[in-house]
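Q: For reference, the file final20.pdb (PDB, C-alpha atoms and all ligand atoms) is included below:
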```pdb
ATOM      1  CA  MET A   1       5.673  26.153-134.364  1.00  0.00           C
ATOM      2  CA  ALA A   2       3.963  27.562-131.286  1.00  0.00           C
ATOM      3  CA  ILE A   3       3.700  31.350-131.002  1.00  0.00           C
ATOM      4  CA  ASN A   4       5.265  32.929-127.911  1.00  0.00           C
ATOM      5  CA  LEU A   5       2.771  35.621-127.001  1.00  0.00           C
ATOM      6  CA  GLN A   6       3.748  39.071-125.792  1.00  0.00           C
ATOM      7  CA  LYS A   7       1.465  41.075-123.547  1.00  0.00           C
ATOM      8  CA  GLY A   8      -1.331  42.671-125.599  1.00  0.00           C
ATOM      9  CA  GLN A   9      -0.494  40.698-128.764  1.00  0.00           C
ATOM     10  CA  LYS A  10      -3.367  39.703-131.058  1.00  0.00           C
ATOM     11  CA  ILE A  11      -3.390  36.459-132.974  1.00  0.00           C
ATOM     12  CA  ASP A  12      -5.671  34.576-135.355  1.00  0.00           C
ATOM     13  CA  LEU A  13      -7.310  31.437-134.013  1.00  0.00           C
ATOM     14  CA  ARG A  14      -6.047  29.293-136.830  1.00  0.00           C
ATOM     15  CA  LYS A  15      -4.201  26.017-137.036  1.00  0.00           C
ATOM     16  CA  SER A  16      -0.952  25.810-138.995  1.00  0.00           C
ATOM     17  CA  THR A  17      -3.042  24.295-141.824  1.00  0.00           C
ATOM     18  CA  GLY A  18      -5.162  27.472-141.996  1.00  0.00           C
ATOM     19  CA  GLU A  19      -8.330  25.886-140.590  1.00  0.00           C
ATOM     20  CA  ALA A  20     -10.121  27.724-137.787  1.00  0.00           C
ATOM     21  CA  LEU A  21      -9.188  26.516-134.317  1.00  0.00           C
ATOM     22  CA  THR A  22     -12.514  25.607-132.689  1.00  0.00           C
ATOM     23  CA  ASN A  23     -11.561  22.860-130.215  1.00  0.00           C
ATOM     24  CA  PHE A  24      -8.694  23.687-127.921  1.00  0.00           C
ATOM     25  CA  CYS A  25      -7.501  23.793-124.342  1.00  0.00           C
ATOM     26  CA  VAL A  26      -6.236  26.739-122.332  1.00  0.00           C
ATOM     27  CA  GLY A  27      -3.896  25.360-119.698  1.00  0.00           C
ATOM     28  CA  VAL A  28      -1.672  26.663-116.930  1.00  0.00           C
ATOM     29  CA  ASN A  29       1.409  24.881-115.682  1.00  0.00           C
ATOM     30  CA  TRP A  30       3.360  25.828-112.559  1.00  0.00           C
ATOM     31  CA  GLY A  31       5.417  24.443-109.724  1.00  0.00           C
ATOM     32  CA  ALA A  32       5.323  24.621-105.956  1.00  0.00           C
ATOM     33  CA  ILE A  33       8.085  26.792-104.456  1.00  0.00           C
ATOM     34  CA  GLU A  34      10.796  24.411-103.254  1.00  0.00           C
ATOM     35  CA  THR A  35      13.689  25.707-101.180  1.00  0.00           C
ATOM     36  CA  VAL A  36      16.428  24.028 -99.199  1.00  0.00           C
ATOM     37  CA  LYS A  37      16.689  25.334 -95.653  1.00  0.00           C
ATOM     38  CA  SER A  38      20.122  24.631 -94.254  1.00  0.00           C
ATOM     39  CA  GLY A  39      20.431  23.681 -90.636  1.00  0.00           C
ATOM     40  CA  PHE A  40      23.054  24.739 -88.070  1.00  0.00           C
ATOM     41  CA  LEU A  41      26.586  24.569 -89.614  1.00  0.00           C
ATOM     42  CA  GLY A  42      25.069  22.910 -92.671  1.00  0.00           C
ATOM     43  CA  PHE A  43      23.746  19.924 -90.742  1.00  0.00           C
ATOM     44  CA  GLY A  44      20.162  18.835 -90.986  1.00  0.00           C
ATOM     45  CA  SER A  45      19.315  20.806 -94.120  1.00  0.00           C
ATOM     46  CA  LYS A  46      15.916  19.919 -95.489  1.00  0.00           C
ATOM     47  CA  LYS A  47      13.731  20.666 -98.462  1.00  0.00           C
ATOM     48  CA  VAL A  48      10.748  22.895 -97.755  1.00  0.00           C
ATOM     49  CA  VAL A  49       7.785  22.806-100.154  1.00  0.00           C
ATOM     50  CA  GLU A  50       5.442  25.759-100.248  1.00  0.00           C
ATOM     51  CA  ASP A  51       2.154  25.022-102.010  1.00  0.00           C
ATOM     52  CA  VAL A  52       1.139  27.455-104.757  1.00  0.00           C
ATOM     53  CA  ASP A  53      -2.560  27.721-105.578  1.00  0.00           C
ATOM     54  CA  LEU A  54      -3.133  29.374-108.948  1.00  0.00           C
ATOM     55  CA  ASP A  55      -6.699  29.541-110.233  1.00  0.00           C
ATOM     56  CA  LEU A  56      -7.562  29.671-113.929  1.00  0.00           C
ATOM     57  CA  SER A  57     -10.977  31.190-114.636  1.00  0.00           C
ATOM     58  CA  CYS A  58     -12.886  32.775-117.501  1.00  0.00           C
ATOM     59  CA  VAL A  59     -15.847  35.025-118.186  1.00  0.00           C
ATOM     60  CA  MET A  60     -17.952  35.042-121.347  1.00  0.00           C
ATOM     61  CA  LEU A  61     -19.446  38.352-122.485  1.00  0.00           C
ATOM     62  CA  ASN A  62     -21.969  39.350-125.140  1.00  0.00           C
ATOM     63  CA  SER A  63     -21.336  42.141-127.671  1.00  0.00           C
ATOM     64  CA  ASN A  64     -22.581  44.735-125.146  1.00  0.00           C
ATOM     65  CA  GLY A  65     -20.022  43.560-122.621  1.00  0.00           C
ATOM     66  CA  ASP A  66     -22.623  41.947-120.334  1.00  0.00           C
ATOM     67  CA  LEU A  67     -21.824  38.741-118.516  1.00  0.00           C
ATOM     68  CA  VAL A  68     -23.330  35.683-120.233  1.00  0.00           C
ATOM     69  CA  ASP A  69     -21.516  32.927-118.364  1.00  0.00           C
ATOM     70  CA  TRP A  70     -18.420  32.214-116.276  1.00  0.00           C
ATOM     71  CA  ILE A  71     -16.136  29.537-114.919  1.00  0.00           C
ATOM     72  CA  TYR A  72     -14.354  29.927-111.613  1.00  0.00           C
ATOM     73  CA  SER A  73     -13.659  27.762-108.648  1.00  0.00           C
ATOM     74  CA  PRO A  74     -16.560  27.014-106.251  1.00  0.00           C
ATOM     75  CA  ASP A  75     -13.924  27.407-103.503  1.00  0.00           C
ATOM     76  CA  TYR A  76     -14.645  31.149-103.653  1.00  0.00           C
ATOM     77  CA  ASN A  77     -18.371  30.663-102.965  1.00  0.00           C
ATOM     78  CA  ALA A  78     -18.345  31.934 -99.373  1.00  0.00           C
ATOM     79  CA  TRP A  79     -16.832  35.221-100.506  1.00  0.00           C
ATOM     80  CA  LEU A  80     -18.933  35.386-103.701  1.00  0.00           C
ATOM     81  CA  SER A  81     -22.260  34.911-101.945  1.00  0.00           C
ATOM     82  CA  LYS A  82     -21.307  37.505 -99.323  1.00  0.00           C
ATOM     83  CA  ASN A  83     -20.744  39.968-102.179  1.00  0.00           C
ATOM     84  CA  ASN A  84     -23.926  38.961-104.075  1.00  0.00           C
ATOM     85  CA  MET A  85     -21.949  37.557-106.968  1.00  0.00           C
ATOM     86  CA  PRO A  86     -22.849  34.442-108.974  1.00  0.00           C
ATOM     87  CA  LEU A  87     -21.460  31.261-107.454  1.00  0.00           C
ATOM     88  CA  GLY A  88     -18.454  29.479-108.911  1.00  0.00           C
ATOM     89  CA  LYS A  89     -18.830  26.510-111.238  1.00  0.00           C
ATOM     90  CA  LEU A  90     -16.540  24.428-113.424  1.00  0.00           C
ATOM     91  CA  THR A  91     -18.722  23.946-116.537  1.00  0.00           C
ATOM     92  CA  SER A  92     -20.391  26.573-118.721  1.00  0.00           C
ATOM     93  CA  LYS A  93     -24.207  26.437-119.049  1.00  0.00           C
ATOM     94  CA  ASP A  94     -23.943  25.308-122.684  1.00  0.00           C
ATOM     95  CA  GLY A  95     -21.332  22.656-121.765  1.00  0.00           C
ATOM     96  CA  SER A  96     -18.830  24.033-124.285  1.00  0.00           C
ATOM     97  CA  LEU A  97     -16.238  25.071-121.692  1.00  0.00           C
ATOM     98  CA  ARG A  98     -15.033  22.718-118.952  1.00  0.00           C
ATOM     99  CA  HIS A  99     -12.521  23.213-116.181  1.00  0.00           C
ATOM    100  CA  SER A 100     -10.356  20.266-115.137  1.00  0.00           C
ATOM    101  CA  GLY A 101     -10.586  21.099-111.422  1.00  0.00           C
ATOM    102  CA  ASP A 102      -8.722  23.011-108.769  1.00  0.00           C
ATOM    103  CA  ASP A 103      -5.008  22.325-108.226  1.00  0.00           C
ATOM    104  CA  ARG A 104      -3.879  23.822-104.937  1.00  0.00           C
ATOM    105  CA  GLN A 105      -0.240  22.800-104.848  1.00  0.00           C
ATOM    106  CA  GLY A 106       1.611  22.965-108.184  1.00  0.00           C
ATOM    107  CA  ASP A 107       4.125  20.361-109.403  1.00  0.00           C
ATOM    108  CA  VAL A 108       6.447  19.043-106.701  1.00  0.00           C
ATOM    109  CA  GLY A 109       9.859  17.716-107.788  1.00  0.00           C
ATOM    110  CA  GLY A 110      10.002  19.630-111.076  1.00  0.00           C
ATOM    111  CA  ASP A 111       7.897  20.214-114.172  1.00  0.00           C
ATOM    112  CA  ASP A 112       5.730  17.171-115.015  1.00  0.00           C
ATOM    113  CA  GLY A 113       5.094  18.558-118.526  1.00  0.00           C
ATOM    114  CA  LEU A 114       1.320  18.721-118.076  1.00  0.00           C
ATOM    115  CA  ASP A 115      -0.816  21.701-117.225  1.00  0.00           C
ATOM    116  CA  ASN A 116      -2.236  21.822-113.713  1.00  0.00           C
ATOM    117  CA  GLU A 117      -5.505  23.601-114.494  1.00  0.00           C
ATOM    118  CA  ILE A 118      -7.093  23.403-117.909  1.00  0.00           C
ATOM    119  CA  ILE A 119     -10.233  24.835-119.496  1.00  0.00           C
ATOM    120  CA  SER A 120     -11.286  22.850-122.580  1.00  0.00           C
ATOM    121  CA  VAL A 121     -13.182  24.857-125.179  1.00  0.00           C
ATOM    122  CA  ASN A 122     -15.473  23.786-128.000  1.00  0.00           C
ATOM    123  CA  LEU A 123     -16.453  26.889-129.964  1.00  0.00           C
ATOM    124  CA  ASN A 124     -18.841  24.857-132.170  1.00  0.00           C
ATOM    125  CA  SER A 125     -21.345  24.424-129.338  1.00  0.00           C
ATOM    126  CA  ILE A 126     -20.913  27.748-127.564  1.00  0.00           C
ATOM    127  CA  ASP A 127     -23.928  29.941-126.760  1.00  0.00           C
ATOM    128  CA  GLN A 128     -24.453  32.222-129.795  1.00  0.00           C
ATOM    129  CA  GLN A 129     -24.669  35.268-127.502  1.00  0.00           C
ATOM    130  CA  VAL A 130     -21.020  34.899-126.495  1.00  0.00           C
ATOM    131  CA  ASP A 131     -18.874  37.479-128.270  1.00  0.00           C
ATOM    132  CA  LYS A 132     -15.710  37.450-126.134  1.00  0.00           C
ATOM    133  CA  ILE A 133     -14.092  35.070-123.664  1.00  0.00           C
ATOM    134  CA  PHE A 134     -11.605  36.414-121.134  1.00  0.00           C
ATOM    135  CA  PHE A 135      -9.337  33.903-119.442  1.00  0.00           C
ATOM    136  CA  PHE A 136      -7.667  35.100-116.284  1.00  0.00           C
ATOM    137  CA  LEU A 137      -5.376  33.764-113.634  1.00  0.00           C
ATOM    138  CA  ASN A 138      -5.010  34.673-110.019  1.00  0.00           C
ATOM    139  CA  ILE A 139      -3.021  33.496-107.010  1.00  0.00           C
ATOM    140  CA  TYR A 140      -4.916  32.276-103.990  1.00  0.00           C
ATOM    141  CA  LEU A 141      -2.661  33.088-101.035  1.00  0.00           C
ATOM    142  CA  ASN A 142      -3.128  30.932 -97.973  1.00  0.00           C
ATOM    143  CA  GLN A 143      -2.716  32.476 -94.565  1.00  0.00           C
ATOM    144  CA  GLY A 144       0.905  33.550 -94.016  1.00  0.00           C
ATOM    145  CA  GLN A 145       1.809  33.311 -97.711  1.00  0.00           C
ATOM    146  CA  ASN A 146       3.255  36.269 -99.548  1.00  0.00           C
ATOM    147  CA  PHE A 147       4.634  35.877-103.072  1.00  0.00           C
ATOM    148  CA  ASP A 148       3.853  36.961-106.613  1.00  0.00           C
ATOM    149  CA  PHE A 149       3.921  35.444-110.085  1.00  0.00           C
ATOM    150  CA  GLU A 150       7.666  36.118-110.513  1.00  0.00           C
ATOM    151  CA  GLN A 151       8.558  33.675-107.751  1.00  0.00           C
ATOM    152  CA  ILE A 152       6.475  30.786-109.082  1.00  0.00           C
ATOM    153  CA  PRO A 153       8.547  28.186-110.971  1.00  0.00           C
ATOM    154  CA  PHE A 154       7.897  27.710-114.734  1.00  0.00           C
ATOM    155  CA  ALA A 155       4.464  29.391-114.646  1.00  0.00           C
ATOM    156  CA  LYS A 156       3.077  29.442-118.176  1.00  0.00           C
ATOM    157  CA  ILE A 157      -0.284  29.689-119.945  1.00  0.00           C
ATOM    158  CA  ARG A 158      -0.724  27.975-123.297  1.00  0.00           C
ATOM    159  CA  MET A 159      -3.352  27.186-125.901  1.00  0.00           C
ATOM    160  CA  TYR A 160      -3.169  23.759-127.453  1.00  0.00           C
ATOM    161  CA  GLU A 161      -5.120  21.085-129.292  1.00  0.00           C
ATOM    162  CA  GLY A 162      -5.665  17.933-127.274  1.00  0.00           C
ATOM    163  CA  THR A 163      -7.193  16.991-123.943  1.00  0.00           C
ATOM    164  CA  PRO A 164      -6.308  17.755-120.306  1.00  0.00           C
ATOM    165  CA  THR A 165      -4.034  14.679-120.297  1.00  0.00           C
ATOM    166  CA  ARG A 166      -2.736  14.736-123.885  1.00  0.00           C
ATOM    167  CA  VAL A 167      -1.096  17.601-125.759  1.00  0.00           C
ATOM    168  CA  ASP A 168      -1.320  17.160-129.558  1.00  0.00           C
ATOM    169  CA  ASN A 169      -0.268  20.535-130.864  1.00  0.00           C
ATOM    170  CA  VAL A 170       0.666  23.703-129.006  1.00  0.00           C
ATOM    171  CA  HIS A 171      -0.765  26.808-130.659  1.00  0.00           C
ATOM    172  CA  SER A 172       0.613  29.557-128.414  1.00  0.00           C
ATOM    173  CA  ASN A 173       2.405  30.121-125.103  1.00  0.00           C
ATOM    174  CA  PHE A 174       2.547  32.964-122.649  1.00  0.00           C
ATOM    175  CA  ASP A 175       5.356  32.960-120.109  1.00  0.00           C
ATOM    176  CA  ILE A 176       3.912  34.435-116.931  1.00  0.00           C
TER     177      ILE A 176
HETATM  178 CA    CA A 201      -6.009  26.280-107.954  1.00  0.00          CA
HETATM  179 CA    CA A 202       2.288  20.488-114.242  1.00  0.00          CA
END
```
What would you get if you wrote out this structure as structure tokens?

A:
Amino acid sequence: MAINLQKGQKIDLRKSTGEALTNFCVGVNWGAIETVKSGFLGFGSKKVVEDVDLDLSCVMLNSNGDLVDWIYSPDYNAWLSKNNMPLGKLTSKDGSLRHSGDDRQGDVGGDDGLDNEIISVNLNSIDQQVDKIFFFLNIYLNQGQNFDFEQIPFAKIRMYEGTPTRVDNVHSNFDI
């Protein structure tokens, strides 16, 4: 049974069999915001789809809290280089963490059951300096957009065993 995480909750990285969980995916699922705009006197109503661009990222720190490595979208590079910050990339230097790529829209027409952005993790090959990994999620608002996490349909983060296209066993969920 998957654990439904509460904010601040701590859990063991173990499978239901008791073995350590070393290969897993952290995935985020969400939908575009779909509304029906009704026309004059109810005529000509149409569905309006507003794209939602969530970005899943992570930073890897050593035991002193210094940055060892990171994964975030290269789409932020213009802003990052202006602020003298390391440029975005989708694979860790040791190859143990991989991002599936940027989704800028979210599911249209309902939940497709798969996560839209996924970071796959293999703790067996991770740089020995890494002591903590922080996964984080932010909303990229396009010009004219103004919404927050509460308005995004079925937004959820989960940890599972499998691949970006196949979910074998869900370990834990967090309902955003
Ligand atoms: Ca995105
Ligand atoms: Ca999806």

Q: Show me which residues are within 7 Å of ligand CA 201 (chain A) counting only C-alpha atoms and all ligand atoms, and format the list as a PyMOL selection string.

A: chain A and resi 53-55+102-104

Q: Apply the PyMOL selection byres (((not hetatm)) within 7 of (chain A and resi 202)) to the structure shown and report the selected residues as a list in words.

A: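 Taken over the shown coordinates, the PyMOL selection byres (((not hetatm)) within 7 of (chain A and resi 202)) returns Asn29, Trp30, Gly31, Gly106, Asp107, Asp111, Asp112, Gly113, Leu114, Asp115 and Asn116 of chain A.
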
Q: Hey, can you check how far CA of Ser172 (chain A) sits from CA of Gly110 (chain A)?

A: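 CA of Gly110 (chain A) lies 22.1 Å from CA of Ser172 (chain A).
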
Q: Considering only C-alpha atoms, return as a count of residues only whatever protein or nucleic-acid residues lie within 7 Å of Phe136 (chain A), sequence-local ones (same chain, fewer than 5 positions apart) excluded.

A: 3

Q: Go through the shown structure with the PyMOL selection byres (((chain A and resi 3) around 9) and not hetatm) and write out the matching residues as a PDB file with C-alpha atoms, in the coordinates of the input.

A:
```
ATOM      1  CA  MET A   1       5.673  26.153-134.364  1.00  0.00           C
ATOM      2  CA  ALA A   2       3.963  27.562-131.286  1.00  0.00           C
ATOM      3  CA  ASN A   4       5.265  32.929-127.911  1.00  0.00           C
ATOM      4  CA  LEU A   5       2.771  35.621-127.001  1.00  0.00           C
ATOM      5  CA  ILE A  11      -3.390  36.459-132.974  1.00  0.00           C
ATOM      6  CA  VAL A 170       0.666  23.703-129.006  1.00  0.00           C
ATOM      7  CA  HIS A 171      -0.765  26.808-130.659  1.00  0.00           C
ATOM      8  CA  SER A 172       0.613  29.557-128.414  1.00  0.00           C
ATOM      9  CA  ASN A 173       2.405  30.121-125.103  1.00  0.00           C
ATOM     10  CA  PHE A 174       2.547  32.964-122.649  1.00  0.00           C
TER      11      PHE A 174
END
```

Q: Can you measure CA of Trp79 (chain A) to CA of Phe134 (chain A) for me? One decimal in Å is fine.

A: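 Here the two named atoms are 21.3 Å from each other.
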
Q: Measure the distance from CA of Ser125 (chain A) to CA of Thr163 (chain A) in Å and round it to one decimal.

A: 16.9 Å

Q: I'd like to see the residues matched by the PyMOL selection byres (((chain A and resi 86) around 12) and not hetatm) on this file, and ideally I'd get them as an mmCIF file with C-alpha atoms, in the coordinates of the input.

A:
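The resulting file, result-v9.cif, is shown below:
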```
data_model
loop_
_atom_site.group_PDB
_atom_site.id
_atom_site.type_symbol
_atom_site.label_atom_id
_atom_site.label_comp_id
_atom_site.auth_asym_id
_atom_site.auth_seq_id
_atom_site.Cartn_x
_atom_site.Cartn_y
_atom_site.Cartn_z
ATOM 1 C CA VAL A 59 -15.847 35.025 -118.186
ATOM 2 C CA LEU A 67 -21.824 38.741 -118.516
ATOM 3 C CA VAL A 68 -23.330 35.683 -120.233
ATOM 4 C CA ASP A 69 -21.516 32.927 -118.364
ATOM 5 C CA TRP A 70 -18.420 32.214 -116.276
ATOM 6 C CA ILE A 71 -16.136 29.537 -114.919
ATOM 7 C CA TYR A 72 -14.354 29.927 -111.613
ATOM 8 C CA SER A 73 -13.659 27.762 -108.648
ATOM 9 C CA PRO A 74 -16.560 27.014 -106.251
ATOM 10 C CA TYR A 76 -14.645 31.149 -103.653
ATOM 11 C CA ASN A 77 -18.371 30.663 -102.965
ATOM 12 C CA ALA A 78 -18.345 31.934 -99.373
ATOM 13 C CA TRP A 79 -16.832 35.221 -100.506
ATOM 14 C CA LEU A 80 -18.933 35.386 -103.701
ATOM 15 C CA SER A 81 -22.260 34.911 -101.945
ATOM 16 C CA LYS A 82 -21.307 37.505 -99.323
ATOM 17 C CA ASN A 83 -20.744 39.968 -102.179
ATOM 18 C CA ASN A 84 -23.926 38.961 -104.075
ATOM 19 C CA MET A 85 -21.949 37.557 -106.968
ATOM 20 C CA LEU A 87 -21.460 31.261 -107.454
ATOM 21 C CA GLY A 88 -18.454 29.479 -108.911
ATOM 22 C CA LYS A 89 -18.830 26.510 -111.238
#
```

Q: Would you place a box with edges along x, y and z of the file around all atoms of region 112-124 of chain A listed there, add 4 Å to each of its six sides, and report the centre and edge lengths in Å to one decimal, as JSON?

A:
```
{"center_x": -6.6, "center_y": 22.0, "center_z": -122.9, "size_x": 32.6, "size_y": 17.7, "size_z": 26.5}
```

Q: Here is a test: counting all atoms listed in the file, which residue of A:Val130, A:Leu41, A:Leu90, A:Leu13 is nearest to Asn64 (chain A)?

A: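 Smallest distance to Asn64 (chain A) is found for A:Val130.
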
Q: When distances are computed from all atoms listed in the file, which of A:Arg98, A:Lys10, A:Lys37, A:Lys46 shows the smallest separation from Asn23 (chain A)?

A: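 Closest to Asn23 (chain A), using all atoms listed in the file: A:Arg98.
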
Q: A:Asp51, A:Thr91, A:Asn62, A:His99: which is nearest Asn142 (chain A), counting only C-alpha atoms?

A: A:Asp51

Q: Working from the structure I just supplied, which lacks atoms in region 133-145 of chain A, can you model N, CA, C and O atoms there and output them as a PDB file, in the coordinates of the input?

A:
```
ATOM      1  N   ILE A 133     -14.417  35.870-124.845  1.00  0.00           N
ATOM      2  CA  ILE A 133     -14.092  35.070-123.664  1.00  0.00           C
ATOM      3  C   ILE A 133     -12.797  35.623-123.081  1.00  0.00           C
ATOM      4  O   ILE A 133     -11.811  35.756-123.813  1.00  0.00           O
ATOM      5  N   PHE A 134     -12.824  35.968-121.815  1.00  0.00           N
ATOM      6  CA  PHE A 134     -11.605  36.414-121.134  1.00  0.00           C
ATOM      7  C   PHE A 134     -11.154  35.318-120.185  1.00  0.00           C
ATOM      8  O   PHE A 134     -11.916  34.905-119.307  1.00  0.00           O
ATOM      9  N   PHE A 135      -9.929  34.854-120.384  1.00  0.00           N
ATOM     10  CA  PHE A 135      -9.337  33.903-119.442  1.00  0.00           C
ATOM     11  C   PHE A 135      -8.479  34.709-118.479  1.00  0.00           C
ATOM     12  O   PHE A 135      -7.790  35.639-118.894  1.00  0.00           O
ATOM     13  N   PHE A 136      -8.526  34.385-117.238  1.00  0.00           N
ATOM     14  CA  PHE A 136      -7.667  35.100-116.284  1.00  0.00           C
ATOM     15  C   PHE A 136      -7.158  34.157-115.209  1.00  0.00           C
ATOM     16  O   PHE A 136      -7.699  33.075-114.986  1.00  0.00           O
ATOM     17  N   LEU A 137      -6.084  34.609-114.584  1.00  0.00           N
ATOM     18  CA  LEU A 137      -5.376  33.764-113.634  1.00  0.00           C
ATOM     19  C   LEU A 137      -5.107  34.569-112.377  1.00  0.00           C
ATOM     20  O   LEU A 137      -4.677  35.709-112.456  1.00  0.00           O
ATOM     21  N   ASN A 138      -5.390  33.993-111.251  1.00  0.00           N
ATOM     22  CA  ASN A 138      -5.010  34.673-110.019  1.00  0.00           C
ATOM     23  C   ASN A 138      -4.354  33.705-109.044  1.00  0.00           C
ATOM     24  O   ASN A 138      -4.423  32.494-109.208  1.00  0.00           O
ATOM     25  N   ILE A 139      -3.676  34.294-108.051  1.00  0.00           N
ATOM     26  CA  ILE A 139      -3.021  33.496-107.010  1.00  0.00           C
ATOM     27  C   ILE A 139      -3.919  33.513-105.783  1.00  0.00           C
ATOM     28  O   ILE A 139      -4.328  34.586-105.351  1.00  0.00           O
ATOM     29  N   TYR A 140      -4.225  32.343-105.274  1.00  0.00           N
ATOM     30  CA  TYR A 140      -4.916  32.276-103.990  1.00  0.00           C
ATOM     31  C   TYR A 140      -3.845  32.118-102.916  1.00  0.00           C
ATOM     32  O   TYR A 140      -3.164  31.096-102.857  1.00  0.00           O
ATOM     33  N   LEU A 141      -3.684  33.153-102.082  1.00  0.00           N
ATOM     34  CA  LEU A 141      -2.661  33.088-101.035  1.00  0.00           C
ATOM     35  C   LEU A 141      -3.270  32.533 -99.754  1.00  0.00           C
ATOM     36  O   LEU A 141      -4.268  33.051 -99.262  1.00  0.00           O
ATOM     37  N   ASN A 142      -2.695  31.455 -99.262  1.00  0.00           N
ATOM     38  CA  ASN A 142      -3.128  30.932 -97.973  1.00  0.00           C
ATOM     39  C   ASN A 142      -2.582  31.830 -96.866  1.00  0.00           C
ATOM     40  O   ASN A 142      -1.677  32.624 -97.100  1.00  0.00           O
ATOM     41  N   GLN A 143      -3.141  31.651 -95.698  1.00  0.00           N
ATOM     42  CA  GLN A 143      -2.716  32.476 -94.565  1.00  0.00           C
ATOM     43  C   GLN A 143      -1.197  32.384 -94.379  1.00  0.00           C
ATOM     44  O   GLN A 143      -0.633  31.284 -94.404  1.00  0.00           O
ATOM     45  N   GLY A 144      -0.539  33.534 -94.239  1.00  0.00           N
ATOM     46  CA  GLY A 144       0.905  33.550 -94.016  1.00  0.00           C
ATOM     47  C   GLY A 144       1.718  33.526 -95.299  1.00  0.00           C
ATOM     48  O   GLY A 144       2.933  33.676 -95.253  1.00  0.00           O
ATOM     49  N   GLN A 145       1.060  33.343 -96.453  1.00  0.00           N
ATOM     50  CA  GLN A 145       1.809  33.311 -97.711  1.00  0.00           C
ATOM     51  C   GLN A 145       1.919  34.709 -98.297  1.00  0.00           C
ATOM     52  O   GLN A 145       0.988  35.511 -98.174  1.00  0.00           O
TER      53      GLN A 145
END
```
